[in-house]
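*Asks:* I have a structure I would like to understand better, so I am pasting it below and will then ask my questions one at a time.
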Amino acid sequence: MSSKTAPRRQPEPASAARTRRDAATGRTRRRTGWVMRAVLVAIVLLAGYVVVTGVQVWWSTTRDAARSADAIVVLGAAQYDGRPSAALQGRLDHALQLYEAGYAPLVVVTGGRQAGDRYTEAAASANYLEGRGMPGDVIERETTGGTSYASIAATARFLADEGLDRVLLVSDPFHNHRIRAIAREVGLDAHVSATTASPFSGVNELRQLARETVAVSLGRVIGYRRLDQLGLRLRQLGAEELEEEAGDLPGDDARGERQEPTGEAS
């Protein structure tokens, strides 16, 4: 009985193997090149989006859109035992000028109470305005908000109960773009008229403009309500971290002495 031996496979020429390896390497390089180009395009588009947003945020600081409204809404800022900070005082003085010029028959002051405070920002604001001659019965107080979004959303709800929705927002100039966008997101017909006496200038103003650019860039994508929730969560995590660190230091109450800033940009 005879058996047949399978023919031996001839070894592949080295040149052919090298050609296949080179082809595979070329495909890998082309894929890597496409990925790198896609990443580069994404980075350029993202940078362009942020730059355009920054220009819009800055441009809004140069515009005063004062016009007739149902209410003038003053965004809160720091107060010290009933005394408005420089930032809050500038906003209140501007709101008083708008009211006296007849832009709206109602003024809404906003802002809650920080830990350890005896006054809410809204109460300090109302007292300040009354002390400068504004009738108390034209002032509404929104005392629950701890952020710009929360204050504007709460204001929108109680104004809606009275059939009002046209508002003139007052804050520092760098806030203009974001607070108008927030107000429109919660259903208000909003325009802005910023104080001309903002204490922010120079590097501090640039820092605030950068902060607002990031906030507006994100808010447009995820929505300002979600952005506010994210900010609150991050602050909560930061506070918990500080409390844990303070717990390791005997006699340290984690709160420390409160320093008076030039203003607050919530």
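Here, A, B, ... name the chains of the structure tokens in the order displayed, residue numbers run from 1 inside each chain, and ligands are numbered from 1 in the same displayed order.
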For stretch 13-112 of chain A versus stretch 201-218 of chain A, which residues have an atom no more than 8 Å away, and what is each residue's nearest atom pair and distance in Å rounded to one decimal, using only C-alpha atoms, chain-then-number order, as a Markdown table?
*Replies:*
```
| residue | atom | partner | partner_atom | distance |
| --- | --- | --- | --- | --- |
| A:Tyr49 | CA | A:Ser217 | CA | 7.7 |
| A:Val50 | CA | A:Ser217 | CA | 6.3 |
| A:Thr53 | CA | A:Thr213 | CA | 6.1 |
| A:Gly54 | CA | A:Thr213 | CA | 5.0 |
| A:Val57 | CA | A:Thr213 | CA | 6.3 |
| A:Trp58 | CA | A:Leu209 | CA | 6.9 |
```
*Asks:* Could you pull out the strand (DSSP E) residues of stretch 23-252 of chain A, going by DSSP on the backbone, and write them as a PyMOL selection string?
*Replies:* chain A and resi 71-74+79-80+83-84+107-110+139-142+166-170+189-192
*Asks:* Let's have the selection written as a compact mmCIF listing (two decimals), in the first residue's frame, with N, CA and C atoms.
*Replies:*
```txt
# COMPACT_ATOMS: atom_id res chain seq x y z
N ALA A 71 -40.95 94.45 35.96
CA ALA A 71 -40.18 94.48 37.21
C ALA A 71 -38.70 94.62 36.92
N ILE A 72 -38.02 95.30 37.82
CA ILE A 72 -36.56 95.36 37.83
C ILE A 72 -36.09 94.30 38.82
N VAL A 73 -35.23 93.39 38.37
CA VAL A 73 -34.76 92.30 39.23
C VAL A 73 -33.28 92.50 39.52
N VAL A 74 -32.95 92.63 40.81
CA VAL A 74 -31.56 92.87 41.23
C VAL A 74 -30.96 91.55 41.72
N GLN A 79 -23.51 90.51 51.62
CA GLN A 79 -23.89 91.56 52.56
C GLN A 79 -23.25 91.22 53.90
N TYR A 80 -23.03 92.23 54.72
CA TYR A 80 -22.34 92.04 55.98
C TYR A 80 -23.17 92.62 57.12
N ARG A 83 -25.41 95.18 55.85
CA ARG A 83 -24.77 96.22 55.05
C ARG A 83 -24.34 95.65 53.70
N PRO A 84 -24.87 96.17 52.60
CA PRO A 84 -24.51 95.64 51.28
C PRO A 84 -23.01 95.80 51.01
N VAL A 107 -39.77 96.44 42.00
CA VAL A 107 -38.36 96.06 42.11
C VAL A 107 -38.27 94.77 42.92
N VAL A 108 -37.62 93.76 42.36
CA VAL A 108 -37.43 92.49 43.05
C VAL A 108 -35.97 92.39 43.48
N VAL A 109 -35.75 92.22 44.78
CA VAL A 109 -34.38 92.02 45.29
C VAL A 109 -34.25 90.54 45.65
N THR A 110 -33.09 89.97 45.37
CA THR A 110 -32.93 88.52 45.51
C THR A 110 -31.75 88.17 46.40
N ILE A 139 -41.32 96.97 46.63
CA ILE A 139 -40.18 96.06 46.70
C ILE A 139 -40.66 94.65 47.04
N GLU A 140 -40.31 93.70 46.21
CA GLU A 140 -40.57 92.28 46.47
C GLU A 140 -39.24 91.62 46.83
N ARG A 141 -39.30 90.68 47.80
CA ARG A 141 -38.08 90.01 48.24
C ARG A 141 -38.12 88.53 47.85
N GLU A 142 -37.07 88.09 47.19
CA GLU A 142 -36.88 86.66 46.90
C GLU A 142 -35.75 86.21 47.79
N ARG A 166 -42.10 90.36 31.99
CA ARG A 166 -41.10 91.25 31.39
C ARG A 166 -40.21 91.83 32.49
N VAL A 167 -38.92 91.51 32.44
CA VAL A 167 -38.02 91.93 33.51
C VAL A 167 -36.80 92.65 32.96
N LEU A 168 -36.27 93.53 33.79
CA LEU A 168 -35.02 94.23 33.51
C LEU A 168 -34.04 93.78 34.60
N LEU A 169 -33.03 93.03 34.21
CA LEU A 169 -32.09 92.43 35.16
C LEU A 169 -30.93 93.38 35.45
N VAL A 170 -30.56 93.46 36.72
CA VAL A 170 -29.46 94.33 37.15
C VAL A 170 -28.42 93.50 37.89
N ASP A 189 -39.26 87.24 29.72
CA ASP A 189 -38.88 88.14 28.63
C ASP A 189 -37.88 89.12 29.24
N ALA A 190 -36.59 88.82 29.09
CA ALA A 190 -35.57 89.51 29.88
C ALA A 190 -34.64 90.37 29.06
N HIS A 191 -34.28 91.51 29.66
CA HIS A 191 -33.23 92.38 29.13
C HIS A 191 -32.36 92.79 30.31
N VAL A 192 -31.17 93.31 30.02
CA VAL A 192 -30.23 93.61 31.10
C VAL A 192 -29.79 95.07 31.07
```
*Asks:* Using DSSP secondary structure from the backbone, list all alpha helix (DSSP H) positions within stretch 12-254 of chain A, as a PyMOL selection string.
*Replies:* chain A and resi 14-61+86-100+121-131+148-161+176-185+202-222+224-247
*Asks:* May I ask which of the residues A:Leu159, A:Val186, A:Leu106, A:Val221 is the closest one to A:Asp137, counting only C-alpha atoms?
*Replies:* A:Leu106
*Asks:* For atom CA of A:Ile182 and atom CA of A:Ala197, quote the distance in Å rounded to one decimal.
*Replies:* 23.1 Å
*Asks:* Tell me which of A:Leu92, A:Ala78, A:Ala65, A:Ile222 sits closest to A:Gly131, counting only C-alpha atoms.
*Replies:*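 Checking each of A:Leu92, A:Ala78, A:Ala65, A:Ile222 against A:Gly131, counting only C-alpha atoms, the winner is A:Leu92.
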*Asks:* Between A:Leu234, A:His177, A:Gly112, A:Gly223, which residue has the minimum interatomic distance to A:Asp64, considering only C-alpha atoms?
*Replies:*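 Closest to A:Asp64 of all the choices is A:His177.
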*Asks:* Nearest residue to A:Leu75 out of A:Arg132, A:Arg113, A:His175, A:Arg157, using only C-alpha atoms?
*Replies:* A:His175
*Asks:* What is the atom CA of A:Asp70-atom CA of A:Leu164 distance in Å, reported with one decimal?
*Replies:*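 Spanning atom CA of A:Asp70 to atom CA of A:Leu164 is a straight-line distance of 6.2 Å.
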*Asks:* Applying 8 Å and only C-alpha atoms, which residues near A:His94 remain after dropping the ones on its own chain fewer than 2 positions away? List them as a list of chain:residue names.
*Replies:*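 My reading of the contact set: A:Gly90, A:Arg91, A:Leu92, A:Leu96, A:Gln97, A:Leu98, A:Val170, A:Ala194, A:Thr195, A:Thr196.
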*Asks:* Identify which of the residues A:Val138, A:Ile152, A:Val52, A:Ala77 lies closest to A:Thr120, counting only C-alpha atoms when measuring atom-to-atom distances.
*Replies:*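 Closest to A:Thr120, using only C-alpha atoms: A:Ala77.
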*Asks:* As an exercise, work out the distance from atom CA of A:Pro105 to atom CA of A:Pro173 in Å and give it to one decimal place.
*Replies:*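 So the two atoms, atom CA of A:Pro105 and atom CA of A:Pro173, lie 23.1 Å apart.
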